[in-house]
Structures are given as structure tokens and as C-alpha cells.
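Chemist: Coordinates in model07.txt, compact mmCIF, C-alpha atoms, are listed below.
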```txt
# COMPACT_ATOMS: atom_id res chain seq x y z
CA MET H 84 0.00 0.00 0.00
CA SER H 85 1.35 3.43 -0.90
CA THR H 86 0.28 6.70 0.66
CA GLU H 87 0.82 10.34 -0.08
CA THR H 88 -0.67 13.56 1.17
CA ASN H 89 -0.98 17.05 -0.19
CA GLN H 90 -2.78 19.84 1.59
CA ASN H 91 -3.38 22.14 -1.36
CA GLN H 92 -4.89 20.08 -4.15
CA ASP H 93 -7.54 22.21 -5.84
CA ASP H 94 -8.09 24.10 -2.57
CA LYS H 95 -10.21 21.17 -1.50
CA GLY H 96 -8.66 20.82 1.93
CA GLN H 97 -6.60 17.77 2.72
CA TRP H 98 -6.42 14.63 0.68
CA LEU H 99 -4.93 11.17 1.02
CA SER H 100 -4.37 8.63 -1.73
CA LEU H 101 -4.10 4.87 -1.13
CA SER H 102 -3.58 1.92 -3.45
CA ILE H 103 -3.90 -1.79 -2.78
CA ASN H 104 -3.53 -4.98 -4.76
CA SER H 105 -6.93 -6.31 -5.85
CA GLN H 106 -7.12 -9.10 -3.30
CA ILE H 107 -9.80 -9.36 -0.68
CA GLU H 108 -7.38 -9.94 2.21
CA ASP H 109 -5.79 -6.53 1.53
CA THR H 110 -9.01 -4.53 1.96
CA VAL H 111 -8.20 -4.37 5.67
CA LEU H 112 -5.21 -2.13 4.85
CA VAL H 113 -7.53 0.53 3.46
CA ALA H 114 -9.98 -0.04 6.31
CA MET H 115 -7.36 0.67 8.96
CA ALA H 116 -6.13 3.81 7.17
CA ILE H 117 -9.69 5.13 6.86
CA ARG H 118 -10.32 4.47 10.55
CA GLY H 119 -7.24 6.52 11.38
CA VAL H 120 -8.36 9.45 9.24
CA CYS H 121 -11.91 9.36 10.61
CA SER H 122 -10.59 9.28 14.16
CA MET H 123 -8.28 12.22 13.46
CA ILE H 124 -11.15 14.42 12.25
CA GLY H 125 -13.17 13.70 15.37
CA LEU H 126 -15.94 11.43 14.13
CA THR H 127 -17.80 9.36 16.72
CA LEU H 128 -16.93 5.70 17.11
CA GLU H 129 -20.27 4.78 15.53
CA ASP H 130 -19.52 6.96 12.50
CA ILE H 131 -15.99 5.57 12.21
CA ASN H 132 -17.36 2.01 12.25
CA ARG H 133 -20.00 2.86 9.64
CA ILE H 134 -17.60 4.63 7.28
CA GLU H 135 -15.17 1.71 7.57
CA LEU H 136 -18.03 -0.65 6.67
CA CYS H 137 -18.95 1.42 3.60
CA VAL H 138 -15.37 1.59 2.35
CA VAL H 139 -14.87 -2.16 2.84
CA GLU H 140 -18.09 -2.89 0.94
CA VAL H 141 -17.16 -0.71 -2.03
CA VAL H 142 -13.52 -1.90 -2.20
CA ASN H 143 -14.64 -5.54 -1.98
CA ASN H 144 -17.22 -4.85 -4.67
CA ALA H 145 -14.46 -3.54 -6.96
CA ILE H 146 -12.27 -6.57 -6.30
CA GLU H 147 -15.04 -9.15 -6.66
CA HIS H 148 -16.94 -7.62 -9.57
CA ALA H 149 -14.67 -5.25 -11.49
CA TYR H 150 -11.72 -7.64 -11.24
CA SER H 151 -13.70 -10.90 -10.81
CA GLY H 152 -11.77 -11.65 -7.61
CA CYS H 153 -8.41 -11.73 -9.39
CA SER H 154 -5.39 -10.19 -7.65
CA GLY H 155 -2.68 -8.28 -9.51
CA SER H 156 -4.63 -5.12 -10.36
CA ARG H 157 -4.90 -1.89 -8.40
CA VAL H 158 -7.76 -0.51 -6.39
CA ASP H 159 -7.17 3.17 -5.62
CA VAL H 160 -8.88 4.95 -2.75
CA GLU H 161 -8.82 8.73 -2.44
CA VAL H 162 -9.94 10.54 0.68
CA VAL H 163 -10.75 14.25 0.50
CA ILE H 164 -11.30 16.05 3.78
CA GLU H 165 -12.88 19.47 3.95
CA PRO H 166 -12.67 20.10 7.71
CA GLY H 167 -16.02 20.93 9.25
CA ASN H 168 -17.71 20.51 5.90
CA ARG H 169 -17.48 17.11 4.28
CA LEU H 170 -15.56 13.90 3.79
CA GLU H 171 -15.44 12.29 0.34
CA ILE H 172 -14.04 8.83 -0.32
CA ILE H 173 -13.53 7.69 -3.91
CA VAL H 174 -12.83 4.05 -4.82
CA LYS H 175 -11.37 3.62 -8.30
CA ASP H 176 -10.73 0.56 -10.43
CA LYS H 177 -9.97 -0.17 -14.08
CA GLY H 178 -11.98 -3.37 -14.35
CA LYS H 179 -15.50 -4.17 -15.51
CA SER H 180 -17.99 -1.41 -14.81
CA MET H 181 -21.22 -2.05 -12.99
CA PRO H 182 -24.76 -0.87 -13.81
CA ALA H 183 -25.90 2.60 -12.80
CA LEU H 184 -26.45 3.11 -9.08
CA GLY H 185 -30.10 3.88 -9.65
CA ASP H 186 -30.54 0.12 -9.78
CA ILE H 187 -29.49 -0.37 -6.13
CA ALA H 188 -32.43 -1.76 -4.23
CA ALA H 189 -33.14 -0.61 -0.69
CA VAL H 190 -32.01 -2.89 2.13
CA GLN H 191 -34.36 -5.85 1.90
CA VAL H 192 -36.10 -6.60 5.17
CA PRO H 193 -36.08 -10.36 5.77
CA ASP H 194 -39.40 -12.00 6.58
CA PRO H 195 -38.90 -14.49 9.45
CA ALA H 196 -41.68 -16.64 7.98
CA ASN H 197 -40.22 -16.75 4.47
CA PRO H 198 -36.65 -18.12 4.07
CA ASP H 199 -36.72 -17.06 0.41
CA THR H 200 -36.22 -13.49 1.68
CA TRP H 201 -33.11 -14.49 3.67
CA THR H 202 -30.75 -13.55 0.88
CA THR H 203 -27.06 -14.31 1.37
CA SER H 204 -25.64 -11.60 -0.89
CA GLY H 205 -26.43 -8.21 -2.40
CA ARG H 206 -26.55 -6.23 0.85
CA GLY H 207 -23.26 -4.36 0.47
CA LEU H 208 -24.21 -1.44 -1.74
CA PRO H 209 -27.67 -0.94 -0.19
CA ILE H 210 -25.89 -0.53 3.17
CA VAL H 211 -23.57 2.07 1.64
CA GLU H 212 -26.49 3.97 0.15
CA GLN H 213 -28.24 3.91 3.53
CA LEU H 214 -25.24 5.18 5.52
CA MET H 215 -23.74 7.82 3.24
CA ASP H 216 -25.21 11.26 2.59
CA ALA H 217 -24.59 10.91 -1.14
CA ILE H 218 -23.08 8.38 -3.51
CA HIS H 219 -22.42 8.42 -7.21
CA TYR H 220 -20.64 6.23 -9.72
CA GLU H 221 -18.73 7.26 -12.83
CA SER H 222 -17.49 4.99 -15.55
CA ASN H 223 -15.46 6.01 -18.60
CA GLU H 224 -12.52 4.84 -20.67
CA SER H 225 -10.07 5.68 -17.85
CA GLY H 226 -11.88 3.46 -15.34
CA ASN H 227 -14.62 3.40 -12.74
CA ALA H 228 -15.01 5.63 -9.69
CA PHE H 229 -17.43 5.14 -6.79
CA HIS H 230 -17.85 8.34 -4.76
CA MET H 231 -19.12 8.37 -1.17
CA ILE H 232 -19.84 11.66 0.55
CA ARG H 233 -20.41 12.23 4.23
CA GLN H 234 -21.24 15.66 5.64
CA LEU H 235 -19.21 16.72 8.67
CA GLY H 236 -20.10 19.00 11.54
CA MET D 288 -7.19 -17.60 15.34
CA GLY D 289 -9.95 -19.44 13.51
CA PHE D 290 -13.14 -21.09 14.63
CA GLY D 291 -13.90 -23.54 17.39
CA SER D 292 -16.88 -25.10 19.12
CA ARG D 293 -17.83 -26.67 22.42
CA GLN D 294 -20.90 -28.41 23.81
CA GLU D 295 -22.65 -26.62 26.63
CA ALA D 296 -26.14 -27.07 28.10
CA GLY D 297 -27.17 -29.22 25.13
CA LYS D 298 -26.17 -26.57 22.59
CA THR D 299 -23.11 -26.03 20.42
CA VAL D 300 -21.27 -22.82 21.22
CA VAL D 301 -19.33 -21.60 18.18
CA GLU D 302 -16.37 -19.40 18.99
CA ILE D 303 -14.99 -17.02 16.38
CA ASP D 304 -11.41 -16.25 17.36
CA GLU D 305 -11.02 -13.58 14.68
CA PRO D 306 -11.26 -9.79 14.90
CA ARG D 307 -12.81 -9.47 11.43
CA LEU D 308 -15.51 -11.67 9.93
CA ASP D 309 -15.23 -10.21 6.44
CA ALA D 310 -15.14 -11.31 2.80
CA SER D 311 -11.80 -13.07 3.29
CA LEU D 312 -13.24 -15.31 6.05
CA ALA D 313 -16.89 -15.60 5.03
CA THR D 314 -16.46 -18.81 3.03
CA PRO D 315 -14.30 -20.64 5.63
CA PHE D 316 -16.77 -19.60 8.32
CA ARG D 317 -19.76 -20.78 6.31
CA ASP D 318 -18.04 -24.10 5.59
CA TYR D 319 -17.22 -24.54 9.29
CA ILE D 320 -20.86 -24.01 10.28
CA PHE D 321 -22.10 -26.26 7.45
CA ASP D 322 -19.82 -29.01 8.80
CA LEU D 323 -21.30 -28.64 12.28
CA ILE D 324 -24.82 -28.81 10.86
CA GLY D 325 -23.77 -31.83 8.77
CA GLN D 326 -22.61 -33.51 11.97
CA GLY D 327 -26.11 -33.10 13.38
CA GLN D 328 -25.56 -30.00 15.54
CA LYS D 329 -28.93 -28.25 15.48
CA GLU D 330 -28.77 -25.70 18.29
CA LEU D 331 -25.92 -23.31 17.62
CA VAL D 332 -24.94 -20.29 19.69
CA VAL D 333 -22.39 -18.11 17.90
CA ASP D 334 -20.19 -16.20 20.34
CA LEU D 335 -19.37 -12.93 18.55
CA SER D 336 -17.48 -11.31 21.44
CA LYS D 337 -14.09 -11.24 19.67
CA VAL D 338 -15.43 -9.97 16.34
CA GLU D 339 -14.73 -6.25 16.03
CA PHE D 340 -15.87 -5.91 12.43
CA MET D 341 -18.29 -7.75 10.17
CA ASP D 342 -19.22 -6.85 6.58
CA SER D 343 -22.08 -7.96 4.34
CA SER D 344 -20.10 -11.07 3.31
CA GLY D 345 -19.80 -12.20 6.93
CA LEU D 346 -23.47 -11.48 7.39
CA GLY D 347 -24.27 -13.46 4.24
CA ALA D 348 -22.38 -16.45 5.62
CA MET D 349 -24.42 -16.23 8.82
CA VAL D 350 -27.65 -16.16 6.80
CA ALA D 351 -26.48 -19.09 4.65
CA ALA D 352 -25.89 -21.07 7.84
CA LEU D 353 -29.40 -20.30 9.07
CA LYS D 354 -30.87 -21.41 5.74
CA GLN D 355 -28.79 -24.60 5.85
CA MET D 356 -30.62 -25.53 9.07
CA GLY D 357 -33.71 -25.87 6.90
CA GLY D 358 -36.01 -24.81 9.71
CA SER D 359 -35.11 -27.78 11.88
CA GLY D 360 -32.69 -26.02 14.21
CA ALA D 361 -31.61 -22.63 15.46
CA ILE D 362 -28.66 -20.28 15.26
CA GLU D 363 -28.59 -17.66 17.98
CA LEU D 364 -25.99 -14.95 18.38
CA ALA D 365 -24.36 -13.76 21.56
CA ASN D 366 -22.31 -10.86 22.80
CA PRO D 367 -21.82 -8.79 19.64
CA GLN D 368 -19.64 -5.71 19.81
CA LYS D 369 -21.31 -2.41 18.88
CA ALA D 370 -20.23 -2.32 15.22
CA VAL D 371 -21.50 -5.85 14.64
CA HIS D 372 -24.79 -5.19 16.43
CA ASP D 373 -25.16 -2.04 14.32
CA LEU D 374 -24.77 -4.11 11.11
CA PHE D 375 -27.56 -6.47 12.21
CA ASP D 376 -29.78 -3.49 13.04
CA LEU D 377 -29.05 -1.69 9.74
CA THR D 378 -29.91 -4.76 7.69
CA CYS D 379 -32.91 -5.76 9.83
CA MET D 380 -31.24 -9.13 10.38
CA ASP D 381 -32.29 -8.92 14.00
CA LYS D 382 -35.68 -10.03 12.64
CA ILE D 383 -34.37 -13.51 11.82
CA PHE D 384 -31.59 -13.84 14.40
CA THR D 385 -32.08 -13.73 18.15
CA ILE D 386 -29.23 -11.71 19.61
CA HIS D 387 -28.30 -12.18 23.27
CA SER D 388 -25.99 -9.98 25.28
CA LYS D 389 -24.30 -13.00 26.86
CA VAL D 390 -23.61 -16.58 25.78
CA ASN D 391 -25.20 -17.81 29.02
CA ASP D 392 -28.45 -16.02 28.13
CA ALA D 393 -28.51 -17.90 24.82
CA LEU D 394 -27.91 -21.22 26.58
CA VAL D 395 -31.00 -20.91 28.74
CA SER D 396 -33.28 -19.55 26.01
CA LEU D 397 -35.77 -21.58 24.06
CA PRO D 398 -34.92 -21.97 20.38
CA LYS D 399 -36.54 -19.46 18.06
CA SER D 400 -39.04 -21.12 15.77
CA HIS D 401 -39.25 -20.13 12.11
```
Hey, can you dump this file as C-alpha cells for me?

Modeler:
Amino acid sequence: MSTETNQNQDDKGQWLSLSINSQIEDTVLVAMAIRGVCSMIGLTLEDINRIELCVVEVVNNAIEHAYSGCSGSRVDVEVVIEPGNRLEIIVKDKGKSMPALGDIAAVQVPDPANPDTWTTSGRGLPIVEQLMDAIHYESNESGNAFHMIRQLG
Amino acid sequence: MGFGSRQEAGKTVVEIDEPRLDASLATPFRDYIFDLIGQGQKELVVDLSKVEFMDSSGLGAMVAALKQMGGSGAIELANPQKAVHDLFDLTCMDKIFTIHSKVNDALVSLPKSH
């Protein structure tokens, strides 16, 4: 994992750039870095846990779907901090793109009486949509970018 | 590290000796529980006390285990840390899993019927 910081990029406040190999066991490296940043800017423990969860879900989604679970490619994560205003986390890959986010279903409530509703996958992105203030997804010839925005203060 | 189990009060207590039940451990965890169910263990209590973080893959493995029971047993959860409890709340999974604050509470409870 490589890191770099620059406090003056586009006058957007502080930013941090991370890259990992596209293997699921390395997602924890990004998770720990994000926890550190969230702690530094004074988020509550509940918020830190929730932002970590969102980042893990989106990074895992990139590894499992964009790269079909194959290691050897890069997943880039950029964190942009505007103190007192907002936190933006962008997960980038150069693999297969996914459908537009408008297709994300809400978190499905399981019916205790109907095991057909006890789905074992597909909860990751609905959780992210539920927990973040805004999300959007861009896909073009240079790759895919999943943006997550959380208001601060 | 890893998973273990012990018999207590007629139930099987599953211990997860891992800080993160995430996508990298979801399949081994699911296979471990499937093995227990295959051996005829029908009343499982999963001790989550050491799990600091769970993602949707870990949750999916837990749901797969419950489905594998086929309605003829129970999987109850005990002692989740806050982040894990939060995940169950956010996904409404507390509707299909009984969550106890202590393993001992799970051992004396009646199995949840589905």
C-alpha cells in the first residue's frame, strides 16, 4: 500500500491517496487507514465504524466484480477532507464497470416466515447507500469511480 | 485464530477467534458451520465477542448457515460488539436472528421457531 498527502490540491482541503492490490485480504489495509483518518477528524466511534463498513463494501465490490476476484490489479482509494464541511471517499478501479447506481435496491427486510427473503448476498451497496449522505458512480474509458460523501459538523 | 466449538447445556457454542468476519473469512466460516450442521448439531450459539468488524459477506455467511438448518434447528448470536450489532440493526437481520448480550443467556433460552 502506498500513501501520499498534499494539503493544497484544488483548494479542497486535505487529501490522502491509497492503493492496494486487488485481493480481498488486503481490503483491511484501506480499512485501517480510513479508521485513522476518521478518528483524526473527530468522528464518533459509531460513524468511524460505519464509514469503515462502507469503504470495505465498495472496495470488496471492486475486487469481486470489477476484477472478478483476481489479484494483480490496483484498487485506488482517495480521501478528501474538507474540515467541518465534508468527507469524500472515492474508490477507483480499471476493471469491468457495474450498472448505474439507480438500480441499487433498498435494504431488503427479511421476513422471518419466508426463508426465500433471507438472501445471502447483495446487501453491500444498499448498506452504503443507507449510511452515506450521497453516492455516485462514474465509468469512462479511464476506469470506474465510486464516490461516497459524508457531511461533517 | 480461527473457529472452534464446544458443547454446553445441550447446545453447540461456536467461537470465532477472529477480529474481522469479512469477505476473506466468510467462506471458511460458512463451511465450518455447514460441517457442524452436517454432523447433526442443530442448536448453535455463535459467540461474537471477539469480532470487532463484520461486513455484508460475513453477514451473508451467517444467513447461509441459518438457511442450511432448513427450519429444523436454530442459530442464535451472543455478545456482539457495537459495530456488529449495528450491522444487524441496519440490515434488519435482527428479525431472523435472536441476539443475546451473553452466551449464558442464549444457553438458557428456548430456540426461536421459524

Chemist: Write out as a ChimeraX atom specification which residues come within 10 Å of region 291-307 of chain D when counting all atoms listed in the file, dropping same-chain ones fewer than 2 positions away.

Modeler: /H:111 /D:288-289,309-313,316,319-320,323,328-342,345,361-365,371,390-391,393-395

Chemist: Please check the contacts: residues of chain H at most 8 Å away from chain D, using only C-alpha atoms, listed as a CSV table (one decimal) with C-alpha atoms, in the frame of the given file.

Modeler:
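Contents of result.csv, as written:
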```csv
chain,number,residue,atom,x,y,z
H,107,ILE,CA,-9.8,-9.4,-0.7
H,108,GLU,CA,-7.4,-9.9,2.2
H,129,GLU,CA,-20.3,4.8,15.5
H,132,ASN,CA,-17.4,2.0,12.2
H,133,ARG,CA,-20.0,2.9,9.6
H,136,LEU,CA,-18.0,-0.6,6.7
H,139,VAL,CA,-14.9,-2.2,2.8
H,140,GLU,CA,-18.1,-2.9,0.9
H,143,ASN,CA,-14.6,-5.5,-2.0
H,190,VAL,CA,-32.0,-2.9,2.1
H,191,GLN,CA,-34.4,-5.8,1.9
H,192,VAL,CA,-36.1,-6.6,5.2
H,193,PRO,CA,-36.1,-10.4,5.8
H,194,ASP,CA,-39.4,-12.0,6.6
H,195,PRO,CA,-38.9,-14.5,9.4
H,196,ALA,CA,-41.7,-16.6,8.0
H,198,PRO,CA,-36.6,-18.1,4.1
H,201,TRP,CA,-33.1,-14.5,3.7
H,202,THR,CA,-30.8,-13.6,0.9
H,203,THR,CA,-27.1,-14.3,1.4
H,204,SER,CA,-25.6,-11.6,-0.9
H,206,ARG,CA,-26.6,-6.2,0.8
H,207,GLY,CA,-23.3,-4.4,0.5
H,210,ILE,CA,-25.9,-0.5,3.2
```

Chemist: So that I can check the surroundings of Leu235 (chain H), please list as a list of chain:residue names every protein, DNA and RNA residue that reaches within 9 Å of it, counting all atoms listed in the file and ignoring chain neighbours fewer than 3 positions away.

Modeler: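 The filter keeps H:Leu126, H:Glu165, H:Pro166, H:Gly167, H:Asn168, H:Arg169, H:Leu170.
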
Chemist: Enclose region 303-314 of chain D, meaning all of its atoms listed in the file, in a box aligned along x, y and z, pad it by 6 Å on each side, and list the centre and edge lengths in Å to one decimal, as lines of an AutoDock Vina configuration file.

Modeler:
```
center_x = -14.0
center_y = -14.1
center_z = 10.1
size_x = 17.9
size_y = 21.3
size_z = 26.6
```

Chemist: Using CA of Val160 (chain H) and CA of Leu101 (chain H) as the two end points, give the distance in Å to one decimal.

Modeler: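 Going from CA of Val160 (chain H) over to CA of Leu101 (chain H) covers 5.0 Å.
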
Chemist: Mind giving me the straight-line distance from CA of Asp176 (chain H) to CA of Asn104 (chain H) in Å, one decimal?

Modeler: 10.7 Å

Chemist: What is the distance between CA of Asp392 (chain D) and CA of Gly327 (chain D), in Å to one decimal?

Modeler: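 So the answer is 22.7 Å.
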
Chemist: Compare H:Asp159, H:Glu147, H:Asp199, H:Asp130 by their minimum atom-to-atom distance to Leu112 (chain H), counting only C-alpha atoms, and give me the closest one.

Modeler: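 Using only C-alpha atoms, the shortest distance to Leu112 (chain H) belongs to H:Asp159.
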
Chemist: Assuming the input is short of atoms at region 346-366 of chain D, produce N, CA, C and O atoms for that part as a JSON list (two decimals), in the frame of the given file.

Modeler:
```json
[["chain", "number", "residue", "atom", "x", "y", "z"],
["D", 346, "LEU", "N", -22.03, -11.38, 7.12],
["D", 346, "LEU", "CA", -23.47, -11.48, 7.39],
["D", 346, "LEU", "C", -24.12, -12.51, 6.47],
["D", 346, "LEU", "O", -24.95, -13.33, 6.92],
["D", 347, "GLY", "N", -23.72, -12.50, 5.19],
["D", 347, "GLY", "CA", -24.27, -13.46, 4.24],
["D", 347, "GLY", "C", -23.95, -14.89, 4.63],
["D", 347, "GLY", "O", -24.79, -15.79, 4.47],
["D", 348, "ALA", "N", -22.75, -15.10, 5.17],
["D", 348, "ALA", "CA", -22.38, -16.45, 5.62],
["D", 348, "ALA", "C", -23.26, -16.89, 6.78],
["D", 348, "ALA", "O", -23.68, -18.05, 6.88],
["D", 349, "MET", "N", -23.56, -15.93, 7.66],
["D", 349, "MET", "CA", -24.42, -16.23, 8.82],
["D", 349, "MET", "C", -25.83, -16.60, 8.33],
["D", 349, "MET", "O", -26.45, -17.54, 8.85],
["D", 350, "VAL", "N", -26.32, -15.87, 7.34],
["D", 350, "VAL", "CA", -27.65, -16.16, 6.80],
["D", 350, "VAL", "C", -27.66, -17.51, 6.09],
["D", 350, "VAL", "O", -28.60, -18.31, 6.22],
["D", 351, "ALA", "N", -26.58, -17.79, 5.35],
["D", 351, "ALA", "CA", -26.48, -19.09, 4.65],
["D", 351, "ALA", "C", -26.54, -20.23, 5.66],
["D", 351, "ALA", "O", -27.17, -21.27, 5.41],
["D", 352, "ALA", "N", -25.88, -20.04, 6.80],
["D", 352, "ALA", "CA", -25.89, -21.07, 7.84],
["D", 352, "ALA", "C", -27.30, -21.29, 8.36],
["D", 352, "ALA", "O", -27.75, -22.44, 8.55],
["D", 353, "LEU", "N", -28.02, -20.19, 8.57],
["D", 353, "LEU", "CA", -29.40, -20.30, 9.07],
["D", 353, "LEU", "C", -30.27, -21.04, 8.06],
["D", 353, "LEU", "O", -31.10, -21.90, 8.42],
["D", 354, "LYS", "N", -30.08, -20.73, 6.77],
["D", 354, "LYS", "CA", -30.87, -21.41, 5.74],
["D", 354, "LYS", "C", -30.52, -22.90, 5.68],
["D", 354, "LYS", "O", -31.37, -23.75, 5.43],
["D", 355, "GLN", "N", -29.24, -23.21, 5.90],
["D", 355, "GLN", "CA", -28.79, -24.60, 5.85],
["D", 355, "GLN", "C", -29.49, -25.45, 6.91],
["D", 355, "GLN", "O", -29.68, -26.66, 6.73],
["D", 356, "MET", "N", -29.88, -24.82, 8.00],
["D", 356, "MET", "CA", -30.62, -25.53, 9.07],
["D", 356, "MET", "C", -31.95, -26.06, 8.53],
["D", 356, "MET", "O", -32.51, -27.01, 9.07],
["D", 357, "GLY", "N", -32.47, -25.41, 7.51],
["D", 357, "GLY", "CA", -33.71, -25.87, 6.90],
["D", 357, "GLY", "C", -34.90, -25.84, 7.85],
["D", 357, "GLY", "O", -35.83, -26.64, 7.72],
["D", 358, "GLY", "N", -34.87, -24.95, 8.81],
["D", 358, "GLY", "CA", -36.01, -24.81, 9.71],
["D", 358, "GLY", "C", -36.05, -25.83, 10.82],
["D", 358, "GLY", "O", -36.96, -25.81, 11.66],
["D", 359, "SER", "N", -35.05, -26.73, 10.86],
["D", 359, "SER", "CA", -35.11, -27.78, 11.88],
["D", 359, "SER", "C", -34.10, -27.55, 13.01],
["D", 359, "SER", "O", -33.75, -28.46, 13.73],
["D", 360, "GLY", "N", -33.64, -26.33, 13.14],
["D", 360, "GLY", "CA", -32.69, -26.02, 14.21],
["D", 360, "GLY", "C", -32.68, -24.53, 14.44],
["D", 360, "GLY", "O", -33.57, -23.82, 13.99],
["D", 361, "ALA", "N", -31.67, -24.06, 15.16],
["D", 361, "ALA", "CA", -31.61, -22.63, 15.46],
["D", 361, "ALA", "C", -30.16, -22.16, 15.51],
["D", 361, "ALA", "O", -29.27, -22.90, 15.93],
["D", 362, "ILE", "N", -29.94, -20.94, 15.06],
["D", 362, "ILE", "CA", -28.66, -20.28, 15.26],
["D", 362, "ILE", "C", -28.95, -18.98, 16.01],
["D", 362, "ILE", "O", -29.68, -18.13, 15.51],
["D", 363, "GLU", "N", -28.42, -18.89, 17.21],
["D", 363, "GLU", "CA", -28.59, -17.66, 17.98],
["D", 363, "GLU", "C", -27.23, -17.01, 18.15],
["D", 363, "GLU", "O", -26.19, -17.68, 18.11],
["D", 364, "LEU", "N", -27.24, -15.70, 18.31],
["D", 364, "LEU", "CA", -25.99, -14.95, 18.38],
["D", 364, "LEU", "C", -25.82, -14.38, 19.78],
["D", 364, "LEU", "O", -26.82, -14.06, 20.45],
["D", 365, "ALA", "N", -24.58, -14.27, 20.22],
["D", 365, "ALA", "CA", -24.36, -13.76, 21.56],
["D", 365, "ALA", "C", -23.19, -12.79, 21.60],
["D", 365, "ALA", "O", -22.20, -12.97, 20.90],
["D", 366, "ASN", "N", -23.38, -11.77, 22.42],
["D", 366, "ASN", "CA", -22.31, -10.86, 22.80],
["D", 366, "ASN", "C", -21.66, -10.09, 21.65],
["D", 366, "ASN", "O", -20.43, -9.99, 21.58]]
```
